[in-house]
Amino acid sequence: MDRFNDLEILIDSQYPIICIETHEEARAEDLLARICQKMGLPFFHWVATDGLTRSGEPQAVYKTNTAMETLNFVSSSSLDAVYMLKDLHRYFDSPIMVRKLRDICHCFRQKRKSLILTAPSFDIPPELAKEVVFFDLALPSAEELKKLVLQVVCNVSKRRQIRVELDVKTERKLVQSLQGLTLNEAERVLTRAMVHDGKLGADDLPRIIDAKKQKIAQSDLIDFFPLQEEFDDIGGLHNLKKWLGLRKNAFSEEAKRFGIDPPRGVLLLGVQGCGKSLMAKAIAQDWEMPLLRLDTGSLYSKFIGETESNVREAIRLAEALAPVVLWIDEIEKAFTPPSGSDADGGVSARLLGTFLSWMQEKTAPVFVVATANNVSLLPPELLRKGRFDEIFFVDLPGAQERADIFRLHLQRRQRDAATFDLPALAAAAEGFSGAEIGQGIVSALYAAFAGRRQLTTDDILHEVKNTRPLSLTMKEQVDQMRRWAAGRTVSAT
């Protein structure tokens, strides 16, 4: 409904040219027809293959096959109306066409007439840049998709017998999984799912996720990660897990009705190897949302303006596939010029500005999980309240957490943790990160395998005692990070 009202306002405000970038021509046409009906305005649509046709009439207007003939009719007509022209951008390389559009803009300012141009993308000539306003035809809402599910079930049922196995929870997950697809894409996925096995149910959710994966694969900016890690697979970080648990269902319609705003995201600072990246994966698994990873290295381009375009495209793609968890690993590197650059030229500052504005204003259900290892590189603007919901510091694990991490890693490698001296291992690994504990077990497994014996506590102790953890080799940096975090962040443990 918001999109309906926004477009109606643009038309009623007498904007001469409104450009709608979309692949869903039929959906845009249906929206315009309903707006014109409400406003009491005639609605015309033009396509090069048929000419200009008034809605509800079978025959095209005489001599409107070409774009120029259509514009001549539009400019000479005394009728207040809305004209939808498909693919007119193909003619923007014609100086005469551009001149005609400029004349129409001058004429339309005094009348209740609008040209609506639709295309997958536009490259507006400079002469028209000040005359054009863009309208974003958002992807289908949950309500539209819910209606589509019923429509597709009805259509497919006319051709073959279909079983619908949807309870309230499964239907909600189905609609949620479809979000990010166009109506056409969603219709094809649903039809294929039903034709495949003669039913529509929970088993079809992976097929919809696969359709989203294919959409992601077309971009070099974002990766689609499979859901594997769980909170129980990560030792410690109890305070962070509790905070996340309270927000698990905050993206639901029930939460919205309760007056809850969807959470924006968290910034996880801390020592390398302490579970920040694992936590990003576990959040998506626990919240039953797809996990996207923003490739910060791919944002920067040597071409002027393309870097800023890349970050906008990444944001657009994440919002299109929402609800999702967007993971930005080592976010400090995203807003630092690539090494070796002669001059930044303000690109990183503009990149930061675009990202922060989005974080502040975003309404799409995109939960951002950003991780950082080097706090000295973080721009102060990123840490201001209102960007992230909270900033957590992930420190080295304590004794009990180290014991839990040893137990988890041993169980992951099919070992009975009860046969190992976990307190002794935890004490020996003081100052170790979770990743270093895991690597110590791996090294001990190699030694045990080479000796043709079972893994023992002594094998692991030997590897731990011969390892210099990051907390020793980079003690100054770790201590500095801890001092900075004190009073500025919330402990994750």
# chains A, B, ... in the order shown; residues from 1 in each chain; ligands from 1
$ residues_around --residues "Leu382 of chain A" --least-positions-apart "3" --cutoff "12 Å" --atoms "only C-alpha atoms" --output "PyMOL selection string"
chain A and resi 266-267+331-332+334-335+349+351-360+370+372+375+377-379+385-391
$ write_last_selection --atoms "N, CA and C atoms" --output "PDB file, in the first residue's frame"
ATOM      1  N   VAL A 266      24.598  -6.186  15.069  1.00  0.00           N
ATOM      2  CA  VAL A 266      25.595  -6.110  16.136  1.00  0.00           C
ATOM      3  C   VAL A 266      26.982  -5.976  15.516  1.00  0.00           C
ATOM      4  N   LEU A 267      27.854  -5.308  16.269  1.00  0.00           N
ATOM      5  CA  LEU A 267      29.258  -5.203  15.893  1.00  0.00           C
ATOM      6  C   LEU A 267      30.047  -6.014  16.907  1.00  0.00           C
ATOM      7  N   ILE A 331      35.116  -5.666   9.088  1.00  0.00           N
ATOM      8  CA  ILE A 331      34.487  -4.478   8.511  1.00  0.00           C
ATOM      9  C   ILE A 331      35.445  -3.303   8.429  1.00  0.00           C
ATOM     10  N   GLU A 332      36.474  -3.290   9.289  1.00  0.00           N
ATOM     11  CA  GLU A 332      37.417  -2.169   9.244  1.00  0.00           C
ATOM     12  C   GLU A 332      38.119  -2.077   7.898  1.00  0.00           C
ATOM     13  N   ALA A 334      36.738  -2.676   5.005  1.00  0.00           N
ATOM     14  CA  ALA A 334      35.813  -2.197   3.973  1.00  0.00           C
ATOM     15  C   ALA A 334      35.912  -0.701   3.777  1.00  0.00           C
ATOM     16  N   PHE A 335      36.299   0.036   4.827  1.00  0.00           N
ATOM     17  CA  PHE A 335      36.323   1.493   4.745  1.00  0.00           C
ATOM     18  C   PHE A 335      37.738   2.045   4.835  1.00  0.00           C
ATOM     19  N   ALA A 349      35.477   7.362   2.300  1.00  0.00           N
ATOM     20  CA  ALA A 349      34.575   8.209   3.091  1.00  0.00           C
ATOM     21  C   ALA A 349      33.158   8.147   2.534  1.00  0.00           C
ATOM     22  N   LEU A 351      31.954   5.712   0.762  1.00  0.00           N
ATOM     23  CA  LEU A 351      31.494   4.345   1.001  1.00  0.00           C
ATOM     24  C   LEU A 351      30.941   4.217   2.416  1.00  0.00           C
ATOM     25  N   LEU A 352      31.683   4.765   3.365  1.00  0.00           N
ATOM     26  CA  LEU A 352      31.246   4.746   4.762  1.00  0.00           C
ATOM     27  C   LEU A 352      29.936   5.504   4.929  1.00  0.00           C
ATOM     28  N   GLY A 353      29.841   6.669   4.288  1.00  0.00           N
ATOM     29  CA  GLY A 353      28.627   7.471   4.390  1.00  0.00           C
ATOM     30  C   GLY A 353      27.404   6.740   3.866  1.00  0.00           C
ATOM     31  N   THR A 354      27.568   6.059   2.739  1.00  0.00           N
ATOM     32  CA  THR A 354      26.450   5.292   2.172  1.00  0.00           C
ATOM     33  C   THR A 354      26.019   4.187   3.110  1.00  0.00           C
ATOM     34  N   PHE A 355      26.994   3.465   3.658  1.00  0.00           N
ATOM     35  CA  PHE A 355      26.681   2.351   4.551  1.00  0.00           C
ATOM     36  C   PHE A 355      26.009   2.834   5.829  1.00  0.00           C
ATOM     37  N   LEU A 356      26.541   3.907   6.431  1.00  0.00           N
ATOM     38  CA  LEU A 356      25.984   4.405   7.688  1.00  0.00           C
ATOM     39  C   LEU A 356      24.575   4.950   7.501  1.00  0.00           C
ATOM     40  N   SER A 357      24.339   5.621   6.387  1.00  0.00           N
ATOM     41  CA  SER A 357      22.995   6.132   6.110  1.00  0.00           C
ATOM     42  C   SER A 357      22.002   4.987   5.997  1.00  0.00           C
ATOM     43  N   TRP A 358      22.436   3.924   5.340  1.00  0.00           N
ATOM     44  CA  TRP A 358      21.566   2.749   5.201  1.00  0.00           C
ATOM     45  C   TRP A 358      21.294   2.111   6.562  1.00  0.00           C
ATOM     46  N   MET A 359      22.346   1.953   7.380  1.00  0.00           N
ATOM     47  CA  MET A 359      22.166   1.355   8.695  1.00  0.00           C
ATOM     48  C   MET A 359      21.205   2.177   9.546  1.00  0.00           C
ATOM     49  N   GLN A 360      21.278   3.497   9.410  1.00  0.00           N
ATOM     50  CA  GLN A 360      20.440   4.385  10.210  1.00  0.00           C
ATOM     51  C   GLN A 360      18.983   4.348   9.759  1.00  0.00           C
ATOM     52  N   ALA A 370      28.589  -7.534  11.925  1.00  0.00           N
ATOM     53  CA  ALA A 370      29.899  -7.066  11.481  1.00  0.00           C
ATOM     54  C   ALA A 370      30.950  -7.497  12.491  1.00  0.00           C
ATOM     55  N   ALA A 372      35.200  -7.267  13.648  1.00  0.00           N
ATOM     56  CA  ALA A 372      36.403  -6.435  13.504  1.00  0.00           C
ATOM     57  C   ALA A 372      37.481  -6.954  14.437  1.00  0.00           C
ATOM     58  N   VAL A 375      40.565  -2.489  16.163  1.00  0.00           N
ATOM     59  CA  VAL A 375      39.683  -1.370  16.509  1.00  0.00           C
ATOM     60  C   VAL A 375      40.281  -0.024  16.116  1.00  0.00           C
ATOM     61  N   LEU A 377      41.417   0.861  13.373  1.00  0.00           N
ATOM     62  CA  LEU A 377      41.044   1.231  12.015  1.00  0.00           C
ATOM     63  C   LEU A 377      39.561   1.566  11.870  1.00  0.00           C
ATOM     64  N   LEU A 378      38.795   1.362  12.940  1.00  0.00           N
ATOM     65  CA  LEU A 378      37.359   1.606  12.844  1.00  0.00           C
ATOM     66  C   LEU A 378      37.057   3.097  12.858  1.00  0.00           C
ATOM     67  N   PRO A 379      36.310   3.598  11.877  1.00  0.00           N
ATOM     68  CA  PRO A 379      35.923   5.015  11.888  1.00  0.00           C
ATOM     69  C   PRO A 379      35.023   5.302  13.089  1.00  0.00           C
ATOM     70  N   LYS A 385      25.957   5.330  18.557  1.00  0.00           N
ATOM     71  CA  LYS A 385      24.691   4.667  18.822  1.00  0.00           C
ATOM     72  C   LYS A 385      23.686   4.962  17.708  1.00  0.00           C
ATOM     73  N   GLY A 386      22.909   3.960  17.355  1.00  0.00           N
ATOM     74  CA  GLY A 386      21.934   4.101  16.288  1.00  0.00           C
ATOM     75  C   GLY A 386      22.357   3.398  15.022  1.00  0.00           C
ATOM     76  N   ARG A 387      23.664   3.130  14.901  1.00  0.00           N
ATOM     77  CA  ARG A 387      24.131   2.358  13.740  1.00  0.00           C
ATOM     78  C   ARG A 387      23.871   0.870  14.006  1.00  0.00           C
ATOM     79  N   PHE A 388      24.513   0.372  15.088  1.00  0.00           N
ATOM     80  CA  PHE A 388      24.294  -1.003  15.521  1.00  0.00           C
ATOM     81  C   PHE A 388      23.496  -0.971  16.816  1.00  0.00           C
ATOM     82  N   ASP A 389      22.745  -2.033  17.069  1.00  0.00           N
ATOM     83  CA  ASP A 389      21.990  -2.110  18.317  1.00  0.00           C
ATOM     84  C   ASP A 389      22.919  -2.233  19.517  1.00  0.00           C
ATOM     85  N   GLU A 390      24.030  -2.949  19.330  1.00  0.00           N
ATOM     86  CA  GLU A 390      24.972  -3.109  20.429  1.00  0.00           C
ATOM     87  C   GLU A 390      26.348  -3.447  19.878  1.00  0.00           C
ATOM     88  N   ILE A 391      27.376  -3.104  20.654  1.00  0.00           N
ATOM     89  CA  ILE A 391      28.757  -3.442  20.314  1.00  0.00           C
ATOM     90  C   ILE A 391      29.270  -4.384  21.396  1.00  0.00           C
TER      91      ILE A 391
END
$ residues_around --residues "Leu205 of chain A" --least-positions-apart "2" --cutoff "9 Å" --atoms "only C-alpha atoms" --output "list in words"
Thr170, Lys173, Leu174, Ser177, Leu178, Gly201, Ala202, Asp203, Arg207, Ile208, Ile209 and Asp210 of chain A
$ residues_around --residues "Lys212 of chain A" --least-positions-apart "4" --cutoff "8 Å" --atoms "only C-alpha atoms" --output "PDB file with N, CA and C atoms, in the first residue's frame"
ATOM      1  N   GLY A 180      12.073 -11.663  -1.735  1.00  0.00           N
ATOM      2  CA  GLY A 180      13.305 -11.440  -2.478  1.00  0.00           C
ATOM      3  C   GLY A 180      13.192 -11.878  -3.926  1.00  0.00           C
ATOM      4  N   LEU A 181      12.126 -12.612  -4.255  1.00  0.00           N
ATOM      5  CA  LEU A 181      11.863 -13.026  -5.628  1.00  0.00           C
ATOM      6  C   LEU A 181      10.766 -12.154  -6.222  1.00  0.00           C
ATOM      7  N   ILE A 208      13.121 -23.414  -2.811  1.00  0.00           N
ATOM      8  CA  ILE A 208      12.994 -21.957  -2.879  1.00  0.00           C
ATOM      9  C   ILE A 208      14.319 -21.305  -2.504  1.00  0.00           C
ATOM     10  N   ILE A 216      21.847 -15.028  -6.107  1.00  0.00           N
ATOM     11  CA  ILE A 216      23.067 -14.530  -5.482  1.00  0.00           C
ATOM     12  C   ILE A 216      24.278 -14.819  -6.360  1.00  0.00           C
ATOM     13  N   LEU A 321      16.612  -9.900  -0.866  1.00  0.00           N
ATOM     14  CA  LEU A 321      16.529 -11.277  -0.387  1.00  0.00           C
ATOM     15  C   LEU A 321      16.107 -11.360   1.080  1.00  0.00           C
TER      16      LEU A 321
END
$ atom_distance --atom1 "atom CA of Glu436 of chain A" --atom2 "atom CA of Asn239 of chain A"
22.2 Å
$ atom_distance --atom1 "atom CA of Ile283 of chain A" --atom2 "atom CA of Trp327 of chain A"
10.1 Å
$ select_by_dssp --residues "segment 253-331 of chain A" --states "helix (DSSP H, G or I)" --output "ChimeraX atom specification"
/A:253-258,276-287,296-298,306-320,331
$ write_last_selection --atoms "N, CA and C atoms" --output "short mmCIF file (atom, residue, chain, number, x, y, z; two decimals), in the first residue's frame"
data_model
loop_
_atom_site.label_atom_id
_atom_site.label_comp_id
_atom_site.auth_asym_id
_atom_site.auth_seq_id
_atom_site.Cartn_x
_atom_site.Cartn_y
_atom_site.Cartn_z
N GLU A 253 5.59 -10.77 12.26
CA GLU A 253 4.44 -9.85 12.23
C GLU A 253 3.90 -9.63 13.64
N GLU A 254 3.98 -10.67 14.46
CA GLU A 254 3.51 -10.54 15.84
C GLU A 254 4.32 -9.49 16.60
N ALA A 255 5.64 -9.50 16.38
CA ALA A 255 6.50 -8.50 17.03
C ALA A 255 6.18 -7.10 16.54
N LYS A 256 5.89 -6.99 15.25
CA LYS A 256 5.55 -5.69 14.68
C LYS A 256 4.26 -5.15 15.29
N ARG A 257 3.27 -6.02 15.45
CA ARG A 257 2.01 -5.60 16.06
C ARG A 257 2.21 -5.23 17.53
N PHE A 258 3.19 -5.84 18.16
CA PHE A 258 3.48 -5.55 19.57
C PHE A 258 4.19 -4.21 19.74
N LYS A 276 33.95 -14.95 16.50
CA LYS A 276 33.09 -13.90 15.94
C LYS A 276 32.43 -14.36 14.64
N SER A 277 33.21 -14.94 13.76
CA SER A 277 32.65 -15.40 12.48
C SER A 277 31.70 -16.58 12.68
N LEU A 278 32.06 -17.47 13.61
CA LEU A 278 31.17 -18.60 13.90
C LEU A 278 29.83 -18.11 14.43
N MET A 279 29.86 -17.02 15.20
CA MET A 279 28.62 -16.48 15.76
C MET A 279 27.71 -15.96 14.65
N ALA A 280 28.28 -15.33 13.63
CA ALA A 280 27.48 -14.84 12.51
C ALA A 280 26.73 -15.99 11.85
N LYS A 281 27.42 -17.12 11.67
CA LYS A 281 26.79 -18.28 11.05
C LYS A 281 25.73 -18.90 11.97
N ALA A 282 26.01 -18.90 13.27
CA ALA A 282 25.07 -19.50 14.22
C ALA A 282 23.79 -18.67 14.35
N ILE A 283 23.90 -17.36 14.24
CA ILE A 283 22.72 -16.49 14.32
C ILE A 283 21.75 -16.85 13.20
N ALA A 284 22.27 -16.96 11.99
CA ALA A 284 21.41 -17.29 10.85
C ALA A 284 20.75 -18.65 11.05
N GLN A 285 21.49 -19.61 11.56
CA GLN A 285 20.93 -20.95 11.80
C GLN A 285 19.85 -20.89 12.86
N ASP A 286 20.11 -20.21 13.96
CA ASP A 286 19.15 -20.16 15.06
C ASP A 286 17.90 -19.37 14.68
N TRP A 287 18.07 -18.32 13.89
CA TRP A 287 16.94 -17.48 13.51
C TRP A 287 16.24 -17.99 12.24
N THR A 296 33.96 -7.60 1.10
CA THR A 296 34.40 -6.21 1.15
C THR A 296 35.50 -5.91 0.13
N GLY A 297 36.30 -6.92 -0.19
CA GLY A 297 37.37 -6.70 -1.16
C GLY A 297 36.86 -6.40 -2.55
N SER A 298 35.66 -6.90 -2.87
CA SER A 298 35.12 -6.71 -4.22
C SER A 298 34.43 -5.36 -4.38
N GLU A 306 32.32 3.54 -9.57
CA GLU A 306 31.85 2.16 -9.54
C GLU A 306 31.88 1.57 -8.13
N THR A 307 32.81 2.04 -7.28
CA THR A 307 32.85 1.55 -5.91
C THR A 307 31.57 1.89 -5.17
N GLU A 308 31.14 3.14 -5.27
CA GLU A 308 29.89 3.55 -4.62
C GLU A 308 28.71 2.78 -5.19
N SER A 309 28.74 2.53 -6.50
CA SER A 309 27.68 1.76 -7.13
C SER A 309 27.67 0.33 -6.61
N ASN A 310 28.85 -0.21 -6.34
CA ASN A 310 28.95 -1.58 -5.84
C ASN A 310 28.29 -1.73 -4.47
N VAL A 311 28.55 -0.76 -3.58
CA VAL A 311 27.96 -0.87 -2.24
C VAL A 311 26.45 -0.70 -2.29
N ARG A 312 25.97 0.17 -3.17
CA ARG A 312 24.52 0.32 -3.32
C ARG A 312 23.89 -0.95 -3.89
N GLU A 313 24.59 -1.60 -4.82
CA GLU A 313 24.09 -2.83 -5.40
C GLU A 313 24.08 -3.95 -4.37
N ALA A 314 25.11 -4.00 -3.52
CA ALA A 314 25.16 -5.02 -2.47
C ALA A 314 24.02 -4.83 -1.48
N ILE A 315 23.75 -3.58 -1.12
CA ILE A 315 22.64 -3.28 -0.21
C ILE A 315 21.31 -3.66 -0.85
N ARG A 316 21.16 -3.30 -2.12
CA ARG A 316 19.91 -3.60 -2.83
C ARG A 316 19.68 -5.10 -2.88
N LEU A 317 20.74 -5.86 -3.13
CA LEU A 317 20.61 -7.31 -3.24
C LEU A 317 20.26 -7.92 -1.88
N ALA A 318 20.90 -7.44 -0.82
CA ALA A 318 20.59 -7.95 0.52
C ALA A 318 19.14 -7.66 0.89
N GLU A 319 18.67 -6.45 0.58
CA GLU A 319 17.28 -6.10 0.90
C GLU A 319 16.31 -6.90 0.05
N ALA A 320 16.70 -7.18 -1.19
CA ALA A 320 15.82 -7.94 -2.08
C ALA A 320 15.61 -9.36 -1.56
N ILE A 331 35.12 -5.67 9.09
CA ILE A 331 34.49 -4.48 8.51
C ILE A 331 35.44 -3.30 8.43
#
$ closest_residue --among "A:Asn184, A:Gln37, A:Gln151, A:Thr22" --to "Thr118 of chain A" --atoms "only C-alpha atoms"
A:Thr22
$ closest_residue --among "A:Val175, A:Ala399, A:Leu246, A:Ala142" --to "Leu425 of chain A" --atoms "only C-alpha atoms"
A:Ala399
$ closest_residue --among "A:Val74, A:Ala424, A:Val133, A:Asp80" --to "Ile17 of chain A" --atoms "only C-alpha atoms"
A:Val133
$ residues_around --residues "Val368 of chain A" --least-positions-apart "6" --cutoff "6 Å" --atoms "only C-alpha atoms" --output "CSV table (one decimal) with C-alpha atoms, in the first residue's frame"
chain,number,residue,atom,x,y,z
A,265,GLY,CA,22.6,-5.6,13.9
A,325,VAL,CA,21.5,-12.1,8.1
A,326,LEU,CA,24.2,-10.0,6.4
A,327,TRP,CA,27.7,-10.9,7.6
$ closest_residue --among "A:Ser55, A:Lys215, A:Ser252, A:Gly235" --to "Lys169 of chain A" --atoms "only C-alpha atoms"
A:Ser252
$ residues_around --residues "Phe134 of chain A" --least-positions-apart "2" --cutoff "9 Å" --atoms "only C-alpha atoms" --output "PyMOL selection string"
chain A and resi 17-21+132+136
$ atom_distance --atom1 "atom CA of Glu144 of chain A" --atom2 "atom CA of Val164 of chain A"
18.9 Å
$ select_by_dssp --residues "segment 1-193 of chain A" --states "strand (DSSP E or B)" --output "NGL selection string"
:A and (17-21 or 43-47 or 51-54 or 60 or 82-86 or 114-119 or 132-135 or 163-164)
$ residues_around --residues "Arg188 of chain A" --least-positions-apart "3" --cutoff "12 Å" --atoms "only C-alpha atoms" --output "PyMOL selection string"
chain A and resi 148-149+152-153+156+178+181-185+191-196+207-208+211
$ residues_around --residues "Ala427 of chain A" --least-positions-apart "5" --cutoff "9 Å" --atoms "only C-alpha atoms" --output "list in words"
Ala399, Arg402, Ala403 and Leu422 of chain A
$ write_last_selection --atoms "C-alpha atoms" --output "short mmCIF file (atom, residue, chain, number, x, y, z; two decimals), in the first residue's frame"
data_model
loop_
_atom_site.label_atom_id
_atom_site.label_comp_id
_atom_site.auth_asym_id
_atom_site.auth_seq_id
_atom_site.Cartn_x
_atom_site.Cartn_y
_atom_site.Cartn_z
CA ALA A 399 38.91 -21.43 32.09
CA ARG A 402 38.19 -23.26 27.36
CA ALA A 403 37.04 -26.55 28.87
CA LEU A 422 39.39 -31.17 30.49
#
$ closest_residue --among "A:Arg3, A:His45, A:Lys146, A:Arg109" --to "Tyr83 of chain A" --atoms "only C-alpha atoms"
A:His45
$ closest_residue --among "A:Glu143, A:Glu230, A:Glu288, A:Glu165" --to "Lys199 of chain A" --atoms "only C-alpha atoms"
A:Glu165
$ decode --residues "segment 308-374 of chain A" --atoms "C-alpha atoms" --output "tab-separated table (two decimals), in the first residue's frame"
chain	number	residue	atom	x	y	z
A	308	GLU	CA	29.89	3.55	-4.62
A	309	SER	CA	27.68	1.76	-7.13
A	310	ASN	CA	28.95	-1.58	-5.84
A	311	VAL	CA	27.96	-0.87	-2.24
A	312	ARG	CA	24.52	0.32	-3.32
A	313	GLU	CA	24.09	-2.83	-5.40
A	314	ALA	CA	25.16	-5.02	-2.47
A	315	ILE	CA	22.64	-3.28	-0.21
A	316	ARG	CA	19.91	-3.60	-2.83
A	317	LEU	CA	20.61	-7.31	-3.24
A	318	ALA	CA	20.59	-7.95	0.52
A	319	GLU	CA	17.28	-6.10	0.90
A	320	ALA	CA	15.82	-7.94	-2.08
A	321	LEU	CA	16.53	-11.28	-0.39
A	322	ALA	CA	15.41	-10.17	3.08
A	323	PRO	CA	14.80	-11.38	5.70
A	324	VAL	CA	18.48	-12.31	5.92
A	325	VAL	CA	21.54	-12.10	8.14
A	326	LEU	CA	24.22	-10.03	6.39
A	327	TRP	CA	27.72	-10.90	7.60
A	328	ILE	CA	30.48	-8.32	7.05
A	329	ASP	CA	33.77	-9.90	8.08
A	330	GLU	CA	36.59	-7.54	9.14
A	331	ILE	CA	34.49	-4.48	8.51
A	332	GLU	CA	37.42	-2.17	9.24
A	333	LYS	CA	38.94	-3.21	5.90
A	334	ALA	CA	35.81	-2.20	3.97
A	335	PHE	CA	36.32	1.49	4.75
A	336	THR	CA	40.09	1.59	4.38
A	337	PRO	CA	41.59	2.25	0.90
A	338	PRO	CA	43.07	-0.88	-0.68
A	339	SER	CA	46.81	-1.16	-0.07
A	340	GLY	CA	48.89	0.19	-2.89
A	341	SER	CA	46.39	2.87	-3.91
A	342	ASP	CA	48.04	6.12	-4.87
A	343	ALA	CA	45.11	8.17	-3.64
A	344	ASP	CA	41.78	7.37	-2.12
A	345	GLY	CA	40.08	10.45	-3.52
A	346	GLY	CA	37.45	10.30	-0.77
A	347	VAL	CA	36.05	6.96	-1.99
A	348	SER	CA	36.28	5.23	1.41
A	349	ALA	CA	34.57	8.21	3.09
A	350	ARG	CA	31.71	8.11	0.60
A	351	LEU	CA	31.49	4.34	1.00
A	352	LEU	CA	31.25	4.75	4.76
A	353	GLY	CA	28.63	7.47	4.39
A	354	THR	CA	26.45	5.29	2.17
A	355	PHE	CA	26.68	2.35	4.55
A	356	LEU	CA	25.98	4.41	7.69
A	357	SER	CA	23.00	6.13	6.11
A	358	TRP	CA	21.57	2.75	5.20
A	359	MET	CA	22.17	1.35	8.69
A	360	GLN	CA	20.44	4.39	10.21
A	361	GLU	CA	17.42	4.43	7.89
A	362	LYS	CA	16.92	0.85	6.74
A	363	THR	CA	13.53	-0.72	7.20
A	364	ALA	CA	14.12	-4.01	5.38
A	365	PRO	CA	14.60	-7.03	7.69
A	366	VAL	CA	18.37	-7.29	7.21
A	367	PHE	CA	20.27	-8.09	10.41
A	368	VAL	CA	23.90	-7.01	10.05
A	369	VAL	CA	26.61	-8.93	11.88
A	370	ALA	CA	29.90	-7.07	11.48
A	371	THR	CA	33.18	-8.36	12.89
A	372	ALA	CA	36.40	-6.44	13.50
A	373	ASN	CA	39.86	-7.40	14.73
A	374	ASN	CA	41.62	-4.02	14.62
